[in-house]
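Colleague: What follows is the file final_21.txt, containing compact mmCIF, C-alpha atoms and all ligand atoms:
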# COMPACT_ATOMS: atom_id res chain seq x y z
CA MET A 1 -86.24 -108.26 10.15
CA ILE A 2 -84.16 -106.12 12.30
CA THR A 3 -81.00 -107.44 10.88
CA ARG A 4 -82.03 -106.97 7.28
CA PRO A 5 -82.69 -103.27 7.52
CA GLN A 6 -79.62 -103.17 9.68
CA HIS A 7 -77.70 -104.97 6.95
CA TRP A 8 -79.27 -102.76 4.36
CA LEU A 9 -78.49 -99.74 6.43
CA ARG A 10 -74.98 -100.94 7.13
CA GLY A 11 -74.61 -101.65 3.45
CA MET A 12 -75.84 -98.16 2.54
CA VAL A 13 -73.62 -96.54 5.14
CA ALA A 14 -70.69 -98.56 3.92
CA LEU A 15 -71.44 -97.65 0.34
CA ALA A 16 -71.91 -94.01 1.23
CA ALA A 17 -68.64 -94.08 3.12
CA ILE A 18 -66.84 -95.60 0.18
CA VAL A 19 -68.35 -93.03 -2.20
CA LEU A 20 -67.43 -90.21 0.17
CA VAL A 21 -63.92 -91.42 0.70
CA ALA A 22 -63.48 -91.98 -2.99
CA ALA A 23 -64.89 -88.54 -3.75
CA SER A 24 -62.72 -86.88 -1.18
CA ILE A 25 -59.66 -88.75 -2.39
CA SER A 26 -60.35 -87.66 -5.92
CA ALA A 27 -61.06 -84.11 -4.66
CA ILE A 28 -57.77 -84.09 -2.77
CA GLY A 29 -56.11 -85.50 -5.82
CA THR A 30 -57.58 -82.81 -8.03
CA SER A 31 -56.79 -79.95 -5.74
CA ALA A 32 -53.32 -81.31 -5.11
CA ALA A 33 -52.77 -81.56 -8.81
CA GLN A 34 -54.20 -78.07 -9.35
CA LYS A 35 -52.04 -76.62 -6.61
CA ALA A 36 -49.03 -78.49 -7.80
CA ALA A 37 -49.43 -77.43 -11.41
CA PRO A 38 -47.74 -73.98 -11.30
CA ALA A 39 -44.97 -75.22 -9.06
CA ALA A 40 -44.35 -78.11 -11.39
CA ALA A 41 -44.28 -75.72 -14.34
CA LYS A 42 -41.88 -73.49 -12.47
CA SER A 43 -39.54 -76.28 -11.53
CA ALA A 44 -39.72 -77.85 -14.98
CA ALA A 45 -37.83 -74.98 -16.63
CA PRO A 46 -34.69 -75.04 -14.47
CA ALA A 47 -34.69 -78.83 -14.62
CA ALA A 48 -34.67 -78.70 -18.40
CA ALA A 49 -32.02 -75.94 -18.44
CA LYS A 50 -29.92 -77.91 -15.99
CA SER A 51 -29.89 -80.94 -18.18
CA ALA A 52 -29.09 -78.89 -21.35
CA ALA A 53 -26.38 -76.61 -19.93
CA PRO A 54 -23.43 -78.96 -19.51
CA ALA A 55 -24.09 -80.57 -22.87
CA ALA A 56 -23.84 -77.32 -24.81
CA PRO A 57 -21.20 -74.91 -23.45
CA ASP A 58 -21.03 -71.62 -25.39
CA HIS A 59 -18.60 -72.31 -28.21
CA TYR A 60 -17.47 -68.66 -28.33
CA GLN A 61 -16.28 -68.87 -24.72
CA THR A 62 -14.70 -72.24 -25.46
CA ALA A 63 -12.74 -70.78 -28.39
CA VAL A 64 -11.61 -67.78 -26.32
CA ASN A 65 -10.47 -70.00 -23.44
CA ALA A 66 -8.72 -72.51 -25.70
CA ALA A 67 -6.67 -69.86 -27.51
CA TYR A 68 -5.74 -68.22 -24.22
CA ALA A 69 -4.52 -71.52 -22.79
CA LYS A 70 -2.60 -72.32 -25.98
CA PHE A 71 -0.58 -69.09 -26.08
CA LYS A 72 -0.44 -68.10 -22.41
CA SER A 73 3.15 -69.18 -21.85
CA LEU A 74 4.49 -68.05 -25.24
CA GLN A 75 7.54 -65.86 -24.60
CA GLU A 76 8.35 -64.10 -27.86
CA GLY A 77 8.81 -60.48 -28.80
CA LYS A 78 9.74 -57.41 -26.82
CA ASN A 79 7.95 -54.36 -25.46
CA ALA A 80 8.30 -51.22 -27.58
CA ASP A 81 11.05 -49.11 -26.03
CA TYR A 82 11.42 -46.15 -28.38
CA ILE A 83 8.70 -44.60 -26.21
CA PRO A 84 10.41 -44.95 -22.79
CA ALA A 85 7.18 -45.42 -20.78
CA LEU A 86 6.18 -48.43 -22.88
CA ALA A 87 9.33 -50.34 -21.96
CA LYS A 88 8.14 -50.34 -18.32
CA VAL A 89 4.74 -51.92 -18.99
CA ASP A 90 4.33 -55.44 -17.56
CA PRO A 91 5.06 -57.78 -20.50
CA ASN A 92 2.92 -60.49 -18.91
CA ILE A 93 -0.36 -58.63 -19.30
CA TYR A 94 -2.49 -60.91 -21.47
CA GLY A 95 -6.16 -60.13 -21.90
CA VAL A 96 -8.60 -61.47 -24.48
CA ALA A 97 -12.09 -60.20 -25.33
CA LEU A 98 -14.66 -60.96 -27.98
CA VAL A 99 -17.90 -59.02 -28.38
CA THR A 100 -20.61 -60.13 -30.77
CA VAL A 101 -22.86 -57.88 -32.82
CA ALA A 102 -25.62 -58.91 -30.40
CA GLY A 103 -23.59 -57.35 -27.58
CA LYS A 104 -22.54 -60.60 -25.90
CA VAL A 105 -19.17 -60.23 -24.21
CA TYR A 106 -16.66 -63.07 -23.79
CA THR A 107 -13.42 -62.45 -21.94
CA THR A 108 -10.56 -64.27 -20.36
CA GLY A 109 -7.22 -63.44 -18.76
CA ASP A 110 -6.12 -60.03 -17.69
CA ILE A 111 -8.95 -57.82 -18.79
CA THR A 112 -8.74 -55.06 -16.21
CA SER A 113 -5.15 -54.05 -17.01
CA GLU A 114 -4.94 -51.15 -19.41
CA VAL A 115 -2.35 -50.23 -22.02
CA SER A 116 -2.10 -47.17 -24.26
CA ILE A 117 -4.17 -47.51 -27.41
CA GLN A 118 -1.34 -46.15 -29.62
CA SER A 119 -1.90 -46.73 -33.34
CA ILE A 120 -5.30 -48.34 -32.85
CA SER A 121 -6.48 -44.76 -32.28
CA LYS A 122 -5.83 -44.09 -35.98
CA VAL A 123 -8.92 -46.11 -36.90
CA PHE A 124 -11.28 -43.95 -34.88
CA THR A 125 -9.77 -40.60 -35.84
CA MET A 126 -10.10 -41.69 -39.46
CA ALA A 127 -13.73 -42.58 -38.72
CA LYS A 128 -14.30 -39.11 -37.26
CA VAL A 129 -12.78 -37.37 -40.29
CA ILE A 130 -14.94 -39.41 -42.66
CA GLU A 131 -18.01 -38.56 -40.59
CA GLU A 132 -17.18 -34.86 -40.82
CA GLN A 133 -15.94 -34.63 -44.40
CA GLY A 134 -16.93 -37.81 -46.25
CA PRO A 135 -14.77 -40.68 -47.52
CA MET A 136 -13.34 -38.67 -50.45
CA ALA A 137 -11.53 -36.34 -48.06
CA ILE A 138 -9.38 -39.22 -46.84
CA GLU A 139 -8.83 -40.68 -50.29
CA SER A 140 -7.81 -37.44 -51.91
CA ASN A 141 -5.76 -35.98 -49.08
CA MET A 142 -3.54 -38.89 -48.08
CA GLY A 143 -4.59 -41.91 -50.13
CA VAL A 144 -5.74 -45.38 -49.19
CA ASP A 145 -2.89 -47.56 -50.35
CA ALA A 146 -0.40 -49.60 -48.41
CA THR A 147 3.07 -48.12 -48.25
CA GLY A 148 4.83 -51.44 -47.71
CA GLN A 149 7.01 -49.55 -45.24
CA ALA A 150 7.21 -49.27 -41.46
CA PHE A 151 4.53 -47.18 -39.74
CA ASN A 152 6.91 -44.27 -39.17
CA SER A 153 8.75 -44.44 -42.47
CA ILE A 154 9.99 -41.14 -43.87
CA VAL A 155 11.03 -42.81 -47.12
CA ALA A 156 7.34 -43.65 -47.65
CA VAL A 157 6.48 -39.94 -47.41
CA GLU A 158 9.31 -38.91 -49.70
CA GLN A 159 8.58 -41.45 -52.40
CA TYR A 160 5.31 -39.85 -53.53
CA LYS A 161 5.46 -36.57 -51.61
CA GLY A 162 2.98 -37.88 -49.05
CA ALA A 163 0.31 -38.74 -51.62
CA GLU A 164 0.42 -42.56 -51.68
CA MET A 165 -0.25 -42.84 -47.98
CA ASN A 166 -3.00 -44.11 -45.71
CA ALA A 167 -4.51 -43.20 -42.36
CA MET A 168 -3.11 -46.28 -40.56
CA VAL A 169 0.54 -45.19 -40.72
CA ASN A 170 1.93 -42.14 -38.96
CA PRO A 171 2.09 -39.61 -41.83
CA GLY A 172 -1.51 -40.34 -42.85
CA ALA A 173 -2.70 -40.57 -39.26
CA ILE A 174 -1.18 -37.25 -38.19
CA THR A 175 -2.75 -35.73 -41.31
CA ALA A 176 -6.13 -37.23 -40.35
CA THR A 177 -5.81 -35.72 -36.87
CA SER A 178 -5.07 -32.36 -38.49
CA MET A 179 -8.36 -32.67 -40.39
CA VAL A 180 -10.62 -32.94 -37.33
CA SER A 181 -12.39 -29.59 -37.17
CA GLY A 182 -12.51 -27.34 -34.12
CA ALA A 183 -11.97 -23.75 -33.07
CA ASP A 184 -9.04 -24.65 -30.85
CA ARG A 185 -7.02 -27.58 -29.52
CA ALA A 186 -9.46 -28.23 -26.68
CA GLU A 187 -12.44 -28.51 -29.01
CA ILE A 188 -10.59 -30.83 -31.40
CA TRP A 189 -9.41 -32.97 -28.51
CA LYS A 190 -12.90 -33.25 -27.06
CA LYS A 191 -14.25 -34.51 -30.38
CA ILE A 192 -11.52 -37.13 -30.56
CA ILE A 193 -11.85 -38.46 -27.01
CA ASP A 194 -15.67 -38.40 -27.25
CA THR A 195 -15.51 -40.44 -30.45
CA TYR A 196 -13.24 -43.05 -28.87
CA SER A 197 -15.42 -43.18 -25.75
CA ASP A 198 -18.59 -43.69 -27.79
CA PHE A 199 -16.98 -46.58 -29.63
CA ALA A 200 -15.76 -48.11 -26.35
CA GLY A 201 -19.04 -47.48 -24.56
CA ARG A 202 -17.44 -45.78 -21.56
CA PRO A 203 -15.52 -42.55 -20.91
CA LEU A 204 -11.86 -43.13 -21.77
CA SER A 205 -8.96 -41.06 -20.47
CA VAL A 206 -5.30 -40.40 -21.20
CA ASN A 207 -2.36 -42.09 -19.52
CA GLN A 208 -0.45 -38.89 -18.76
CA GLU A 209 2.84 -40.66 -18.16
CA VAL A 210 2.75 -42.24 -21.61
CA PHE A 211 1.67 -38.96 -23.23
CA LYS A 212 4.51 -37.06 -21.59
CA SER A 213 7.04 -39.76 -22.39
CA GLU A 214 6.13 -39.82 -26.07
CA ALA A 215 5.79 -36.04 -26.34
CA GLU A 216 9.38 -35.70 -25.13
CA THR A 217 10.71 -38.21 -27.64
CA ASN A 218 8.53 -37.83 -30.75
CA GLN A 219 10.90 -35.73 -32.87
CA ARG A 220 10.57 -38.21 -35.71
CA ASN A 221 6.79 -37.78 -35.79
CA GLN A 222 7.25 -34.01 -35.66
CA ALA A 223 9.50 -34.33 -38.73
CA ILE A 224 6.85 -36.43 -40.46
CA ALA A 225 4.18 -33.83 -39.63
CA MET A 226 6.39 -31.08 -41.04
CA LEU A 227 6.95 -33.04 -44.25
CA MET A 228 3.21 -33.67 -44.68
CA TYR A 229 2.74 -29.92 -44.17
CA ALA A 230 5.50 -29.14 -46.66
CA TYR A 231 3.77 -31.31 -49.26
CA GLY A 232 0.40 -29.67 -48.63
CA HIS A 233 -1.47 -32.52 -46.97
CA ILE A 234 -1.55 -30.91 -43.53
CA LYS A 235 -2.97 -27.44 -44.10
CA ALA A 236 -2.02 -25.73 -40.82
CA GLU A 237 -0.37 -26.18 -37.46
CA PRO A 238 1.53 -29.41 -38.15
CA LEU A 239 3.14 -29.54 -34.73
CA ARG A 240 -0.19 -29.10 -32.98
CA ALA A 241 -1.56 -31.98 -35.09
CA CYS A 242 1.42 -34.08 -34.03
CA ASP A 243 0.85 -33.19 -30.38
CA ILE A 244 -2.86 -34.10 -30.51
CA TYR A 245 -1.95 -37.31 -32.33
CA THR A 246 0.53 -38.11 -29.55
CA GLU A 247 -2.16 -37.55 -26.95
CA GLN A 248 -4.69 -39.73 -28.79
CA CYS A 249 -2.09 -42.53 -28.82
CA ALA A 250 -1.86 -42.31 -25.00
CA VAL A 251 -5.54 -43.08 -24.39
CA SER A 252 -5.77 -45.94 -21.93
CA VAL A 253 -7.79 -49.06 -22.80
CA ASN A 254 -8.32 -52.64 -21.69
CA ALA A 255 -9.01 -55.64 -23.92
CA LYS A 256 -12.77 -55.33 -23.52
CA ASP A 257 -12.74 -51.65 -24.53
CA LEU A 258 -10.92 -52.56 -27.73
CA ALA A 259 -13.26 -55.48 -28.44
CA VAL A 260 -16.34 -53.26 -28.02
CA MET A 261 -14.75 -50.71 -30.37
CA ALA A 262 -14.15 -53.47 -32.92
CA ALA A 263 -17.65 -54.87 -32.43
CA THR A 264 -19.09 -51.42 -33.13
CA LEU A 265 -17.43 -51.53 -36.54
CA ALA A 266 -18.55 -55.16 -37.00
CA ASN A 267 -22.09 -53.96 -36.25
CA GLY A 268 -22.23 -51.23 -38.90
CA GLY A 269 -21.22 -48.39 -36.60
CA VAL A 270 -23.74 -49.07 -33.82
CA ASN A 271 -22.19 -49.95 -30.47
CA PRO A 272 -23.78 -53.35 -29.74
CA VAL A 273 -23.45 -52.90 -25.98
CA THR A 274 -24.78 -49.34 -25.55
CA GLY A 275 -26.90 -49.17 -28.72
CA LYS A 276 -25.35 -45.83 -29.69
CA GLN A 277 -24.80 -45.06 -33.38
CA CYS A 278 -21.12 -44.04 -33.42
CA MET A 279 -20.71 -43.58 -37.15
CA THR A 280 -22.76 -43.74 -40.32
CA THR A 281 -23.24 -47.35 -41.41
CA THR A 282 -22.25 -46.67 -45.02
CA ASN A 283 -18.92 -45.18 -43.90
CA VAL A 284 -17.84 -48.30 -42.02
CA PRO A 285 -16.58 -50.23 -45.08
CA LYS A 286 -14.21 -47.37 -45.90
CA VAL A 287 -12.55 -47.69 -42.51
CA LEU A 288 -12.44 -51.48 -42.69
CA ALA A 289 -10.85 -51.33 -46.15
CA VAL A 290 -7.94 -49.24 -44.95
CA MET A 291 -7.56 -51.42 -41.86
CA ALA A 292 -7.38 -54.48 -44.13
CA THR A 293 -4.83 -52.77 -46.35
CA ALA A 294 -2.52 -51.35 -43.72
CA GLY A 295 -3.73 -52.06 -40.18
CA LEU A 296 -0.73 -54.22 -39.32
CA TYR A 297 1.67 -52.01 -41.29
CA ASP A 298 4.05 -53.83 -43.57
CA ASP A 299 2.77 -57.18 -42.28
CA SER A 300 -0.83 -56.43 -43.26
CA GLY A 301 -0.79 -58.86 -46.18
CA LYS A 302 0.47 -61.66 -43.98
CA TRP A 303 -2.21 -60.89 -41.41
CA LEU A 304 -4.99 -60.83 -44.01
CA TYR A 305 -3.70 -64.06 -45.48
CA THR A 306 -3.95 -65.71 -42.06
CA THR A 307 -7.24 -64.29 -40.82
CA GLY A 308 -9.03 -62.32 -43.54
CA LEU A 309 -9.90 -59.77 -40.87
CA PRO A 310 -9.52 -56.00 -41.01
CA GLY A 311 -7.37 -55.36 -37.95
CA LYS A 312 -5.32 -52.68 -36.25
CA SER A 313 -2.37 -52.97 -33.96
CA GLY A 314 -0.69 -50.55 -31.59
CA VAL A 315 2.79 -50.54 -30.09
CA GLY A 316 1.19 -50.59 -26.63
CA GLY A 317 0.53 -54.28 -27.33
CA GLY A 318 -3.12 -54.21 -28.36
CA ILE A 319 -4.65 -55.53 -31.56
CA LEU A 320 -8.29 -55.40 -32.52
CA ALA A 321 -9.92 -57.15 -35.45
CA VAL A 322 -13.34 -57.03 -37.06
CA SER A 323 -15.38 -59.90 -38.45
CA PRO A 324 -18.05 -57.86 -40.25
CA GLY A 325 -21.57 -58.74 -39.18
CA LYS A 326 -20.28 -61.20 -36.60
CA PHE A 327 -17.95 -59.94 -33.89
CA GLY A 328 -15.10 -57.74 -32.76
CA ILE A 329 -12.14 -59.28 -31.03
CA ALA A 330 -9.19 -57.79 -29.19
CA VAL A 331 -6.12 -58.97 -27.34
CA ILE A 332 -3.59 -57.08 -25.24
CA SER A 333 -0.07 -58.44 -24.79
CA PRO A 334 2.81 -55.92 -24.91
CA PRO A 335 5.72 -57.88 -26.47
CA LEU A 336 5.96 -57.02 -30.19
CA ASP A 337 7.55 -58.55 -33.28
CA ALA A 338 9.87 -56.70 -35.66
CA ALA A 339 6.98 -55.03 -37.52
CA GLY A 340 5.61 -53.60 -34.24
CA ASN A 341 2.69 -56.00 -33.83
CA SER A 342 1.96 -57.93 -30.62
CA VAL A 343 3.11 -61.52 -31.08
CA LYS A 344 0.54 -63.13 -28.78
CA ALA A 345 -2.31 -60.90 -29.90
CA GLN A 346 -1.82 -61.89 -33.54
CA LYS A 347 -1.73 -65.59 -32.73
CA THR A 348 -4.63 -65.49 -30.30
CA ILE A 349 -6.96 -63.52 -32.57
CA ALA A 350 -6.17 -65.73 -35.55
CA GLU A 351 -6.82 -68.86 -33.50
CA ILE A 352 -10.16 -67.67 -32.13
CA SER A 353 -11.51 -66.15 -35.31
CA ASN A 354 -10.56 -69.12 -37.46
CA ALA A 355 -12.17 -71.48 -34.93
CA LEU A 356 -15.39 -69.47 -35.12
CA GLY A 357 -15.53 -69.04 -38.90
CA GLY A 358 -14.78 -65.31 -38.68
CA ASN A 359 -12.90 -65.00 -42.01
CA PRO A 360 -15.04 -63.01 -44.46
CA PHE A 361 -13.01 -64.41 -47.36
CA ALA A 362 -14.14 -67.96 -46.66
CA PRO A 363 -17.34 -68.46 -48.62
CA LYS A 364 -19.13 -71.78 -48.65
CA PRO A 365 -19.91 -73.12 -52.14
CA ALA A 366 -23.56 -72.69 -53.14
CA ALA A 367 -25.62 -75.87 -53.10
CA LYS A 368 -25.11 -77.69 -56.40
CA ALA A 369 -27.97 -77.43 -58.91
CA ALA A 370 -29.73 -80.71 -59.48
CA SER A 371 -27.74 -82.72 -62.03
CA LYS A 372 -29.28 -82.97 -65.50
N1 LIG A 401 2.42 -43.31 -30.90
C1 LIG A 401 3.11 -44.28 -31.70
C2 LIG A 401 4.00 -43.61 -32.72
O1 LIG A 401 3.59 -42.70 -33.34
C3 LIG A 401 2.14 -45.18 -32.36
C4 LIG A 401 2.81 -46.20 -33.23
C5 LIG A 401 2.14 -47.52 -33.27
O2 LIG A 401 1.36 -47.89 -32.40
N2 LIG A 401 2.50 -48.30 -34.23
O3 LIG A 401 5.12 -43.98 -32.89
Let me see the file written as structure tokens.

Modeller:
Amino acid sequence: MITRPQHWLRGMVALAAIVLVAASISAIGTSAAQKAAPAAAKSAAPAAAKSAAPAAPDHYQTAVNAAYAKFKSLQEGKNADYIPALAKVDPNIYGVALVTVAGKVYTTGDITSEVSIQSISKVFTMAKVIEEQGPMAIESNMGVDATGQAFNSIVAVEQYKGAEMNAMVNPGAITATSMVSGADRAEIWKKIIDTYSDFAGRPLSVNQEVFKSEAETNQRNQAIAMLMYAYGHIKAEPLRACDIYTEQCAVSVNAKDLAVMAATLANGGVNPVTGKQCMTTTNVPKVLAVMATAGLYDDSGKWLYTTGLPGKSGVGGGILAVSPGKFGIAVISPPLDAAGNSVKAQKTIAEISNALGGNPFAPKPAAKAASK
């Protein structure tokens, strides 16, 4: 009798123990799972990102890197030397930058070195004049047609008395500078440098050595300014306009600055990095049209044929190009071809843009209607 209750008791104790252990195990399990849950959620995200990252590298960066590697050792062209300071610039500077309309920045190579903006400045002075006076002011005062001549051609001025001109070559550009309003030189200059800085998204400044060097040797541009004055396109102070133009050409920029400036045009006039509206959206196509027509001077047709992109070059070795609604792209490499355009910059931009489908003249056929 003793043993039975003992057995019964032992059995109950054993059962109770099993139930308790089981309950506590399941309790531990539950609380462990509950405690582990957030940690697991936290660690799940990086684990997933880790497995996705190597499989899908950013194809924009890939295109930028590939073009850089392809043209890095290309040795063609020669620094501009008609402006003495430009002949001394390191010909090996080679910087590449692409900025999307979403403000994503891709760079490679030498992107801290700066060169003078030179003729690329013409784009943004034209933009300022259009903002102040409307697109008709540009069209009626200097025209919007290609000259087919070099950027500093005097024959091109003479042929139509300065009328069949555009703001991307010197006679039209100096005229555009003369059209920026202001009580005095300082006020006009401030408007110009502020405009460029807004487009670049940082305060830009002048390379004084380049400014001085060109100011001492720019008699040809002074002659052009005087002719545009003689034919009534520049209304007053032609030599002051030429001097301000010379200073605007000496503004110092790196490849990223130029790419942000281009991306601002690609983004309808809003700087995609700073968010600042730099020009009226509806005025942007006017600027892009003249860039497409004459941005690479007498080689503009060849450039458009290769890339479809409105672009602008400068004898400092920079070129920027705009893929409207997509991205801005810029390359700096000082050696130039015979037309005054950077050899490497042209090749690099074409390579990258074409790899990324940047050509606005490359429509895809519409889906075929169902056959009858
Ligand atoms: N400042 C230079 C000039 O007027 C600009 C020319 C250029 O970049 N093509 O000669």

Colleague: Which residues are near ligand LIG 401 (chain A) in this structure, taking near to mean any atom at most 6 Å from a ligand atom and counting all atoms listed in the file? Format them as a list in words.

Modeller: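 These are the residues that qualify: Gln118, Ser119, Phe151, Asn170, Thr246, Cys249, Gly314 and Val315 of chain A.
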
Colleague: Given the choices A:Gly295, A:Ala102, A:Gln222, A:Ala362, which gets closest to Lys326 in chain A if the distance is worked out from only C-alpha atoms?

Modeller: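 Residue with the minimum atom-to-atom distance to Lys326 in chain A: A:Ala102.
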
Colleague: Identify which of the residues A:Val331, A:Ala223, A:Ala350, A:Met136 lies closest to Gly316 in chain A, counting only C-alpha atoms when measuring atom-to-atom distances.

Modeller: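 Nearest to Gly316 in chain A: A:Val331.
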
Colleague: Please measure the separation of CA of Ala345 in chain A and CA of Leu304 in chain A, giving the value in Å to one decimal.

Modeller: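 So the answer is 14.4 Å.
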
Colleague: Could I get the residues of range 116-190 of chain A with an atom no further than 7 Å from an atom of range 277-289 of chain A, each paired with its nearest atom pair and that distance in Å to one decimal, using only C-alpha atoms, sorted by chain and residue number, as CSV?

Modeller:
residue,atom,partner,partner_atom,distance
A:Val123,CA,A:Val287,CA,6.9
A:Ala127,CA,A:Val287,CA,6.5
A:Glu131,CA,A:Met279,CA,6.7
A:Pro135,CA,A:Lys286,CA,6.9

Colleague: So which residues touch Gln133 in chain A within 12 Å, counting all atoms listed in the file, skipping near sequence neighbours fewer than 4 positions away, as a PyMOL selection string?

Modeller: chain A and resi 126-129+137-141+176+179-181+283

Colleague: Using all atoms listed in the file for the distances, tell me which of A:Leu296, A:Ala63, A:Ala215, A:Ala259 is nearest to Lys104 in chain A.

Modeller: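 Nearest candidate to Lys104 in chain A out of A:Leu296, A:Ala63, A:Ala215, A:Ala259: A:Ala259.
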
Colleague: Quick one: everything within 9 Å of Val64 in chain A, counting all atoms listed in the file, minus sequence neighbours fewer than 4 positions away in the same chain. Send it as a PDB file with C-alpha atoms, in the frame of the given file.

Modeller:
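Output file around_25.pdb follows:
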ATOM      1  CA  HIS A  59     -18.600 -72.310 -28.210  1.00  0.00           C
ATOM      2  CA  TYR A  60     -17.470 -68.660 -28.330  1.00  0.00           C
ATOM      3  CA  TYR A  68      -5.740 -68.220 -24.220  1.00  0.00           C
ATOM      4  CA  ALA A  69      -4.520 -71.520 -22.790  1.00  0.00           C
ATOM      5  CA  VAL A  96      -8.600 -61.470 -24.480  1.00  0.00           C
ATOM      6  CA  ALA A  97     -12.090 -60.200 -25.330  1.00  0.00           C
ATOM      7  CA  LEU A  98     -14.660 -60.960 -27.980  1.00  0.00           C
ATOM      8  CA  TYR A 106     -16.660 -63.070 -23.790  1.00  0.00           C
ATOM      9  CA  THR A 107     -13.420 -62.450 -21.940  1.00  0.00           C
ATOM     10  CA  THR A 108     -10.560 -64.270 -20.360  1.00  0.00           C
ATOM     11  CA  THR A 348      -4.630 -65.490 -30.300  1.00  0.00           C
ATOM     12  CA  ILE A 349      -6.960 -63.520 -32.570  1.00  0.00           C
ATOM     13  CA  GLU A 351      -6.820 -68.860 -33.500  1.00  0.00           C
ATOM     14  CA  ILE A 352     -10.160 -67.670 -32.130  1.00  0.00           C
TER      15      ILE A 352
END

Colleague: Using all atoms listed in the file, pick whichever of A:Ser197, A:Thr175, A:Asn254, A:Asn152 has the shortest atom-to-atom distance to Ala236 in chain A.

Modeller: A:Thr175

Colleague: What does the distance between CA of Ile154 in chain A and CA of Glu209 in chain A come to in Å, to one decimal place?

Modeller: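 Going from CA of Ile154 in chain A over to CA of Glu209 in chain A covers 26.7 Å.
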
Colleague: Please identify all polymer residues within 6 Å of range 198-208 of chain A, counting all atoms listed in the file, omitting same-chain residues fewer than 5 positions from it, and present them as an MDAnalysis selection string.

Modeller: chainID A and resid 250:252 257 260:261
